[in-house]
Amino acid sequence: MMAQYAPAGDSLKTRWASEVTPENVWQDYPRPQMTRPDWINLNGLWDYVICPKGQLVDKYDGKILVPFCVESSLSGVQKYVGKDNELWYQREFEVPSKWNGKRILLHFGAVDWKCDVWVNDIKVGSHTGGYTPFSMDITQALKKKGNVLKVRVWDPTDQGEQPCGKQYVKPHGIWYTPVTGIWQTVWLEPVNANHIVDVKIVPDIDNHKVTVKPEIVNPSNDNKIEVVVSELFTDVAKAYSINGEDVEVSMPADAKLWSPDYPFLYEMSIILYQGNKEVDWVSCYFAMRKFSTAKDENGIVRLMLNNEPVFMFGPLDQGWWCDGLYTAPCDEALKYDIQKTKDFGYNMIRKHVKVEPARWYYHCDQLGIIVWQDMPSGGRGPGWVTDRYFDGSLSRRTPESEATYKKEWKEIIDYLYSVPSIGVWVPFNESWGQFKTPEIVEWTKSYDPSRLVNPASGGNHYPVGDILDIHNYPDPEMYFYDASRVNVLGEYGGIGRKIEGHTWVPSQGWGYVEYDTEEKVTDTYVEYANKLLDLIPRGFSGAVYTQTTDCEVELNGLMTYDRKVIKLNEERLREINLKISNYFKK
């Protein structure tokens with residue numbers, strides 16, 4: 001088995017790449033906010049073939065390492081697919097006899113973009129959307145031995161209207177390599193027919209309670225839900241509901257509040273009864289925290305965390321990997337970027353036009369990093385107006401394109417609804433695919449009133465939502481201001497430095513400004529940071545520095561693309577960042 005796999009090509013590698021094998025690839029539990037003890041990981045070597053769209057498959061070309069996309073080095077393939085072709089996968093699997101009598105769920109963390117699934121040549125499900133998990137009950141298609149799973153994927157990348165973020169058929173500049181197919185963990189899980197499929201958890205620190213909204217498959221009139229909240233294995237609260245009602249749990253008046261300085265997480269058990277019989281049990285976690293806005297003594301609208309002002313400051317995080325593209329080599333690598341962000345003195349990450357695996361948000365929850373979550377962009381947008389409210393002509397999406405955006409945006413919010421660290425939803429970046437902004441913002445705000453909405457980071461601007469977000473490269477400026485909303489600098493910086501031996505394309509690379517030494521880059525970073533400090537009393541309440549790492553030919557990262565070199569003086573970086581992150585703690 002080992003001899004059948006090796007990374008493809010000679011592209012840049014992270015230090016974790018050499019440790020990836022078919023036997024150990026992504027073995028971590030994929031859904032940390034709703035766990036059950038029994039599961040089987042299906043990651044590893046699968047058969048694959050790329051063939052013309054619509055063509056029947058009778059043989060496979062070789063092996064691919066799941067869950068790395070076919071274009072990545074770590075997949076072992078590194079081949080382009082394109083809109084005229086389809087990617088097929090196949091593997092065999094067994095179901096343990098101890099699962100007899102259970103319903104068997106097949107879970108996909110994410111598949112980009114359109115996916116059809118067969119088990120033993122019986123079609124069991126399909127899905128569109130490249131960023132969210134989905135599952136299907138495959139029980140009726142199973143055999144006692146030798147089950148065969150087949151997956152077909154089609155993805156037009158930027159040549160379609162679907163959300164695809166920074167993926168581009170012809171990568172250049174700020175646009176990166178396509179990602180096609182399975183790029184997160186595939187796994188099996190046994191459940192009873194009557195079981196919990198999803199949970200939405202909404203904390204309320206002002207009223208000392210948490211509301212739990214479980215979604216039940218095959219609900220019955222004699223179902224009862226029990227919710228138990230615990231701290232270090234000691235129960236602190238308990239509540240029940242029947243008849244499909246939400247569970248309202250009264251929390252202690254002195255409940256511990258989550259923040260970047262104190263990222264405290266409560267454990268939660270949710271038990272489903274049918275009559276007096278326990279039919280399902282899941283383990284969850286949550287945090288007591290509140291995101292809001294309020295005016296300060298000078299009438300400036302500020303970002304608030306737990307009813308206290310906070311300056312949210314962090315990097316633009318693309319979430320790309322030189323060896324795995326959308327997929328980090330391992331969980332340790334996934335956590336590394338977040339830990340270094342924390343080490344650098346930031347308290348926030350803007351997750352830029354990409355959605356991560358559930359474990360990424362789990363690490364943010366545990367380490368104490370606030371997340372601004374972008375919607376992956378797609379489609380074509382209108383002209384870009386940055387210094388005033390939009391007064392140009394809107395581009396019009398097709399009805400199909402609008403429906404795709406709305407479907408996938410809802411699925412992303414549903415997927416991440418209970419994540420404690422997410423404080424801000426960002427439906428649009430600049431004018432990329434931007435449409436019907438007031439409608440989208442109003443829907444987002446009403447669907448999840450517990451979080452803030454940043455309508456369009458960098459414009460086009462409308463007087464809706466909670467935040468006015470402007471972009472300015474390279475240094476901070478405040479050229480547009482809204483006295484009725486929070487004002488943030490959603491992108492700035494982009495200081496470039498080329499490190500020989502650590503670039504994606506040795507002959508290419510750029511930054512918004514470029515320097516050749518650690519000292520010059522650090523001096524410029526501190527200069528910009530001091531400008532930002534001066535703009536906080538004038539109205540800025542948050543800022544995003546571009547960016548965490550280099551990405552393909554972008555060389556403006558705090559770290560190189562392979563994560564092997566930190567390009568600034570880390571001590572000076574942390575010192576100035578803490579002054580900004582802790583601004584309101586004076």
# chains A, B, ... in the order shown; residues from 1 in each chain; ligands from 1

call {"tool": "closest_atom_pairs", "arguments": {"of": "region 463-541 of chain A", "to": "region 163-184 of chain A", "cutoff": "12 Å", "atoms": "only C-alpha atoms", "output": "CSV"}}
result
residue,atom,partner,partner_atom,distance
A:Gly494,CA,A:Ile174,CA,11.7
A:Trp504,CA,A:Tyr176,CA,11.0
A:Val505,CA,A:His172,CA,10.9
A:Gln508,CA,A:Gly173,CA,9.6
A:Gly509,CA,A:Gly173,CA,8.3
A:Trp510,CA,A:Gly173,CA,8.2
A:Gly511,CA,A:Gly173,CA,9.9
A:Tyr512,CA,A:Gly173,CA,11.4

call {"tool": "write_last_selection", "arguments": {"atoms": "N, CA and C atoms", "output": "compact mmCIF listing (two decimals), in the first residue's frame"}}
result
# COMPACT_ATOMS: atom_id res chain seq x y z
N GLY A 494 -0.32 44.02 2.94
CA GLY A 494 0.21 43.32 1.77
C GLY A 494 1.68 43.56 1.54
N TRP A 504 6.33 29.66 -4.63
CA TRP A 504 5.52 28.77 -5.47
C TRP A 504 6.08 28.69 -6.88
N VAL A 505 6.37 29.86 -7.46
CA VAL A 505 7.01 29.96 -8.77
C VAL A 505 8.25 30.82 -8.60
N GLN A 508 8.38 34.24 -10.27
CA GLN A 508 7.25 35.16 -10.13
C GLN A 508 6.99 35.46 -8.66
N GLY A 509 6.24 36.53 -8.43
CA GLY A 509 5.84 36.87 -7.08
C GLY A 509 5.71 38.37 -6.91
N TRP A 510 4.79 38.77 -6.03
CA TRP A 510 4.56 40.19 -5.85
C TRP A 510 3.94 40.48 -4.48
N GLY A 511 4.08 41.72 -4.05
CA GLY A 511 3.37 42.26 -2.89
C GLY A 511 2.92 43.65 -3.24
N TYR A 512 2.03 44.24 -2.42
CA TYR A 512 1.57 45.60 -2.72
C TYR A 512 2.72 46.60 -2.57

call {"tool": "residues_around", "arguments": {"residues": "Ile536 (chain A)", "least_positions_apart": "3", "cutoff": "12 Å", "atoms": "only C-alpha atoms", "output": "PyMOL selection string"}}
result
chain A and resi 300-303+310-313+476-478+486-489+529-533+539-543+579-584

call {"tool": "atom_distance", "arguments": {"atom1": "CA of Pro214 (chain A)", "atom2": "CA of Pro263 (chain A)"}}
result
24.4 Å

call {"tool": "select_by_dssp", "arguments": {"residues": "region 292-522 of chain A", "states": "helix (DSSP H, G or I)", "output": "NGL selection string"}}
result
:A and (331-343 or 358-367 or 399-416 or 437-447 or 518-522)

call {"tool": "residues_around", "arguments": {"residues": "region 19-22 of chain A", "least_positions_apart": "6", "cutoff": "7 Å", "atoms": "only C-alpha atoms", "output": "list in words"}}
result
Met2, Gly44, Leu45, Leu65 and Pro329 of chain A

call {"tool": "closest_residue", "arguments": {"among": "A:Ser259, A:Thr503, A:Ser377, A:Ser241", "to": "Pro420 (chain A)", "atoms": "only C-alpha atoms"}}
result
A:Ser259

call {"tool": "atom_distance", "arguments": {"atom1": "CA of Arg15 (chain A)", "atom2": "CA of Lys340 (chain A)"}}
result
15.3 Å

call {"tool": "closest_residue", "arguments": {"among": "A:Ile270, A:Cys51, A:Met251, A:Leu578", "to": "Met348 (chain A)", "atoms": "only C-alpha atoms"}}
result
A:Leu578

call {"tool": "residues_around", "arguments": {"residues": "Ser401 (chain A)", "least_positions_apart": "3", "cutoff": "8 Å", "atoms": "only C-alpha atoms", "output": "VMD selection string"}}
result
chain A and resid 161 to 162 379 397 to 398 404 to 405

call {"tool": "closest_residue", "arguments": {"among": "A:Met304, A:Val513, A:Ala358, A:Ile64", "to": "Tyr131 (chain A)", "atoms": "only C-alpha atoms"}}
result
A:Ala358

call {"tool": "residues_around", "arguments": {"residues": "Val249 (chain A)", "least_positions_apart": "3", "cutoff": "7 Å", "atoms": "only C-alpha atoms", "output": "list of chain:residue names"}}
result
A:Lys209, A:Val210, A:Thr211, A:Ala237, A:Lys238, A:Ala239

call {"tool": "residues_around", "arguments": {"residues": "region 447-457 of chain A", "least_positions_apart": "6", "cutoff": "8 Å", "atoms": "only C-alpha atoms", "output": "VMD selection string"}}
result
chain A and resid 202 290 to 292 417 422 to 431 437 441 464 to 471 490

call {"tool": "write_last_selection", "arguments": {"atoms": "N, CA and C atoms", "output": "mmCIF file, in the first residue's frame"}}
result
data_model
loop_
_atom_site.group_PDB
_atom_site.id
_atom_site.type_symbol
_atom_site.label_atom_id
_atom_site.label_comp_id
_atom_site.auth_asym_id
_atom_site.auth_seq_id
_atom_site.Cartn_x
_atom_site.Cartn_y
_atom_site.Cartn_z
ATOM 1 N N VAL A 202 -27.706 28.531 20.863
ATOM 2 C CA VAL A 202 -27.718 29.990 20.896
ATOM 3 C C VAL A 202 -27.565 30.455 22.345
ATOM 4 N N LYS A 290 -21.316 36.999 23.568
ATOM 5 C CA LYS A 290 -22.261 37.864 22.854
ATOM 6 C C LYS A 290 -21.492 38.833 21.968
ATOM 7 N N PHE A 291 -21.890 38.902 20.686
ATOM 8 C CA PHE A 291 -21.364 39.892 19.758
ATOM 9 C C PHE A 291 -22.438 40.943 19.500
ATOM 10 N N SER A 292 -22.067 42.214 19.600
ATOM 11 C CA SER A 292 -23.037 43.298 19.409
ATOM 12 C C SER A 292 -22.290 44.577 19.056
ATOM 13 N N TYR A 417 -23.539 27.514 12.420
ATOM 14 C CA TYR A 417 -24.420 28.303 13.287
ATOM 15 C C TYR A 417 -23.985 28.269 14.751
ATOM 16 N N ILE A 422 -17.261 32.411 15.726
ATOM 17 C CA ILE A 422 -17.720 33.240 14.602
ATOM 18 C C ILE A 422 -18.540 34.403 15.132
ATOM 19 N N GLY A 423 -18.070 35.619 14.833
ATOM 20 C CA GLY A 423 -18.761 36.818 15.297
ATOM 21 C C GLY A 423 -19.375 37.639 14.193
ATOM 22 N N VAL A 424 -18.892 37.462 12.958
ATOM 23 C CA VAL A 424 -19.321 38.318 11.842
ATOM 24 C C VAL A 424 -19.498 37.464 10.590
ATOM 25 N N TRP A 425 -20.641 37.638 9.930
ATOM 26 C CA TRP A 425 -20.872 37.062 8.601
ATOM 27 C C TRP A 425 -20.547 38.117 7.550
ATOM 28 N N VAL A 426 -19.877 37.694 6.469
ATOM 29 C CA VAL A 426 -19.515 38.601 5.378
ATOM 30 C C VAL A 426 -20.069 38.023 4.079
ATOM 31 N N PRO A 427 -21.249 38.459 3.632
ATOM 32 C CA PRO A 427 -21.864 37.865 2.437
ATOM 33 C C PRO A 427 -21.113 38.128 1.135
ATOM 34 N N PHE A 428 -20.426 39.301 1.046
ATOM 35 C CA PHE A 428 -19.735 39.641 -0.201
ATOM 36 C C PHE A 428 -18.360 40.224 0.104
ATOM 37 N N ASN A 429 -17.418 39.980 -0.796
ATOM 38 C CA ASN A 429 -16.119 40.645 -0.767
ATOM 39 C C ASN A 429 -16.040 41.617 -1.937
ATOM 40 N N GLU A 430 -15.758 42.882 -1.603
ATOM 41 C CA GLU A 430 -15.692 43.925 -2.613
ATOM 42 C C GLU A 430 -16.956 43.827 -3.478
ATOM 43 N N SER A 431 -16.818 43.816 -4.784
ATOM 44 C CA SER A 431 -18.018 43.718 -5.628
ATOM 45 C C SER A 431 -18.102 42.370 -6.315
ATOM 46 N N THR A 437 -27.792 43.342 -2.446
ATOM 47 C CA THR A 437 -27.140 43.416 -1.134
ATOM 48 C C THR A 437 -28.119 43.670 0.011
ATOM 49 N N VAL A 441 -28.428 40.911 3.020
ATOM 50 C CA VAL A 441 -28.051 41.318 4.383
ATOM 51 C C VAL A 441 -29.229 41.181 5.333
ATOM 52 N N VAL A 464 -26.724 49.352 4.988
ATOM 53 C CA VAL A 464 -27.436 48.217 5.583
ATOM 54 C C VAL A 464 -26.438 47.418 6.417
ATOM 55 N N GLY A 465 -26.974 46.566 7.285
ATOM 56 C CA GLY A 465 -26.110 45.739 8.109
ATOM 57 C C GLY A 465 -25.485 46.512 9.256
ATOM 58 N N ASP A 466 -24.475 45.916 9.874
ATOM 59 C CA ASP A 466 -23.877 46.468 11.087
ATOM 60 C C ASP A 466 -22.572 47.199 10.850
ATOM 61 N N ILE A 467 -21.941 47.010 9.686
ATOM 62 C CA ILE A 467 -20.547 47.421 9.502
ATOM 63 C C ILE A 467 -20.352 48.090 8.150
ATOM 64 N N LEU A 468 -19.562 49.176 8.145
ATOM 65 C CA LEU A 468 -19.015 49.742 6.907
ATOM 66 C C LEU A 468 -17.544 49.339 6.854
ATOM 67 N N ASP A 469 -17.168 48.657 5.801
ATOM 68 C CA ASP A 469 -15.845 48.041 5.694
ATOM 69 C C ASP A 469 -15.161 48.573 4.443
ATOM 70 N N ILE A 470 -14.042 49.289 4.631
ATOM 71 C CA ILE A 470 -13.288 49.803 3.488
ATOM 72 C C ILE A 470 -11.941 49.088 3.385
ATOM 73 N N HIS A 471 -11.400 49.025 2.169
ATOM 74 C CA HIS A 471 -10.079 48.456 1.913
ATOM 75 C C HIS A 471 -9.145 49.559 1.469
ATOM 76 N N GLY A 490 -11.176 46.634 6.341
ATOM 77 C CA GLY A 490 -11.289 45.199 6.088
ATOM 78 C C GLY A 490 -10.114 44.574 5.386
#

call {"tool": "closest_residue", "arguments": {"among": "A:Ala294, A:Val124, A:Val186, A:Cys69", "to": "His107 (chain A)", "atoms": "only C-alpha atoms"}}
result
A:Val186

call {"tool": "residues_around", "arguments": {"residues": "region 273-282 of chain A", "least_positions_apart": "5", "cutoff": "10 Å", "atoms": "only C-alpha atoms", "output": "PDB file with C-alpha atoms, in the first residue's frame"}}
result
ATOM      1  CA  GLN A  33     -19.041  19.955  17.933  1.00  0.00           C
ATOM      2  CA  MET A  34     -21.371  16.948  17.704  1.00  0.00           C
ATOM      3  CA  THR A  35     -19.631  13.675  18.465  1.00  0.00           C
ATOM      4  CA  ARG A  36     -20.652  10.031  18.759  1.00  0.00           C
ATOM      5  CA  PRO A  37     -18.272   7.220  19.761  1.00  0.00           C
ATOM      6  CA  VAL A 191     -27.353   5.627  14.200  1.00  0.00           C
ATOM      7  CA  ASN A 192     -30.836   4.541  15.181  1.00  0.00           C
ATOM      8  CA  ALA A 193     -33.723   5.365  12.870  1.00  0.00           C
ATOM      9  CA  ASN A 194     -34.803   8.057  15.342  1.00  0.00           C
ATOM     10  CA  HIS A 195     -31.715  10.244  15.841  1.00  0.00           C
ATOM     11  CA  ILE A 196     -30.317  13.766  16.108  1.00  0.00           C
ATOM     12  CA  VAL A 197     -29.037  15.079  12.784  1.00  0.00           C
ATOM     13  CA  ASP A 198     -28.130  18.666  13.729  1.00  0.00           C
ATOM     14  CA  VAL A 199     -28.063  21.026  16.693  1.00  0.00           C
ATOM     15  CA  PRO A 219     -39.428  12.290  15.102  1.00  0.00           C
ATOM     16  CA  SER A 220     -42.203  10.621  17.094  1.00  0.00           C
ATOM     17  CA  ASN A 221     -44.838  11.877  19.529  1.00  0.00           C
ATOM     18  CA  ASP A 222     -43.077  10.207  22.450  1.00  0.00           C
ATOM     19  CA  ASN A 223     -39.665  11.827  21.863  1.00  0.00           C
ATOM     20  CA  LYS A 224     -38.070  13.736  24.727  1.00  0.00           C
ATOM     21  CA  ILE A 225     -34.864  15.760  24.638  1.00  0.00           C
ATOM     22  CA  GLU A 226     -32.586  16.089  27.650  1.00  0.00           C
ATOM     23  CA  VAL A 227     -29.755  18.644  27.665  1.00  0.00           C
ATOM     24  CA  ILE A 242     -41.023  17.402  24.261  1.00  0.00           C
ATOM     25  CA  MET A 268     -23.004  19.652  26.584  1.00  0.00           C
TER      26      MET A 268
END

call {"tool": "atom_distance", "arguments": {"atom1": "CA of Thr517 (chain A)", "atom2": "CA of Thr548 (chain A)"}}
result
17.9 Å

call {"tool": "select_by_dssp", "arguments": {"residues": "region 134-165 of chain A", "states": "strand (DSSP E)", "output": "list in words"}}
result
Phe134, Ser135, Met136, Asp137, Asn147, Val148, Leu149, Lys150, Val151, Arg152, Val153 and Trp154 of chain A

call {"tool": "write_last_selection", "arguments": {"atoms": "N, CA and C atoms", "output": "PDB file, in the first residue's frame"}}
result
ATOM      1  N   PHE A 134     -22.316  17.017   3.979  1.00  0.00           N
ATOM      2  CA  PHE A 134     -23.610  16.420   3.666  1.00  0.00           C
ATOM      3  C   PHE A 134     -23.518  14.926   3.942  1.00  0.00           C
ATOM      4  N   SER A 135     -24.674  14.311   4.108  1.00  0.00           N
ATOM      5  CA  SER A 135     -24.691  12.884   4.418  1.00  0.00           C
ATOM      6  C   SER A 135     -25.887  12.232   3.755  1.00  0.00           C
ATOM      7  N   MET A 136     -25.860  10.893   3.704  1.00  0.00           N
ATOM      8  CA  MET A 136     -26.956  10.126   3.131  1.00  0.00           C
ATOM      9  C   MET A 136     -27.050   8.788   3.842  1.00  0.00           C
ATOM     10  N   ASP A 137     -28.275   8.327   3.996  1.00  0.00           N
ATOM     11  CA  ASP A 137     -28.528   7.022   4.604  1.00  0.00           C
ATOM     12  C   ASP A 137     -28.375   5.962   3.512  1.00  0.00           C
ATOM     13  N   ASN A 147     -18.667  -4.032  -0.075  1.00  0.00           N
ATOM     14  CA  ASN A 147     -19.428  -2.887  -0.570  1.00  0.00           C
ATOM     15  C   ASN A 147     -18.532  -1.974  -1.417  1.00  0.00           C
ATOM     16  N   VAL A 148     -19.108  -1.449  -2.502  1.00  0.00           N
ATOM     17  CA  VAL A 148     -18.366  -0.601  -3.424  1.00  0.00           C
ATOM     18  C   VAL A 148     -19.004   0.790  -3.465  1.00  0.00           C
ATOM     19  N   LEU A 149     -18.194   1.788  -3.161  1.00  0.00           N
ATOM     20  CA  LEU A 149     -18.624   3.185  -3.168  1.00  0.00           C
ATOM     21  C   LEU A 149     -18.055   3.872  -4.406  1.00  0.00           C
ATOM     22  N   LYS A 150     -18.934   4.555  -5.177  1.00  0.00           N
ATOM     23  CA  LYS A 150     -18.509   5.325  -6.331  1.00  0.00           C
ATOM     24  C   LYS A 150     -18.999   6.765  -6.187  1.00  0.00           C
ATOM     25  N   VAL A 151     -18.159   7.695  -6.572  1.00  0.00           N
ATOM     26  CA  VAL A 151     -18.483   9.122  -6.494  1.00  0.00           C
ATOM     27  C   VAL A 151     -18.112   9.779  -7.818  1.00  0.00           C
ATOM     28  N   ARG A 152     -19.042  10.556  -8.363  1.00  0.00           N
ATOM     29  CA  ARG A 152     -18.790  11.317  -9.600  1.00  0.00           C
ATOM     30  C   ARG A 152     -18.862  12.809  -9.277  1.00  0.00           C
ATOM     31  N   VAL A 153     -17.869  13.559  -9.763  1.00  0.00           N
ATOM     32  CA  VAL A 153     -17.805  14.992  -9.461  1.00  0.00           C
ATOM     33  C   VAL A 153     -17.625  15.794 -10.744  1.00  0.00           C
ATOM     34  N   TRP A 154     -18.370  16.889 -10.817  1.00  0.00           N
ATOM     35  CA  TRP A 154     -18.200  17.866 -11.895  1.00  0.00           C
ATOM     36  C   TRP A 154     -18.036  19.245 -11.271  1.00  0.00           C
TER      37      TRP A 154
END

call {"tool": "closest_residue", "arguments": {"among": "A:Arg380, A:Arg388, A:Arg350, A:Arg359", "to": "Ala328 (chain A)", "atoms": "only C-alpha atoms"}}
result
A:Arg359

call {"tool": "closest_residue", "arguments": {"among": "A:Met288, A:Gly314, A:Gly378, A:Asp261", "to": "Gly160 (chain A)", "atoms": "only C-alpha atoms"}}
result
A:Gly378
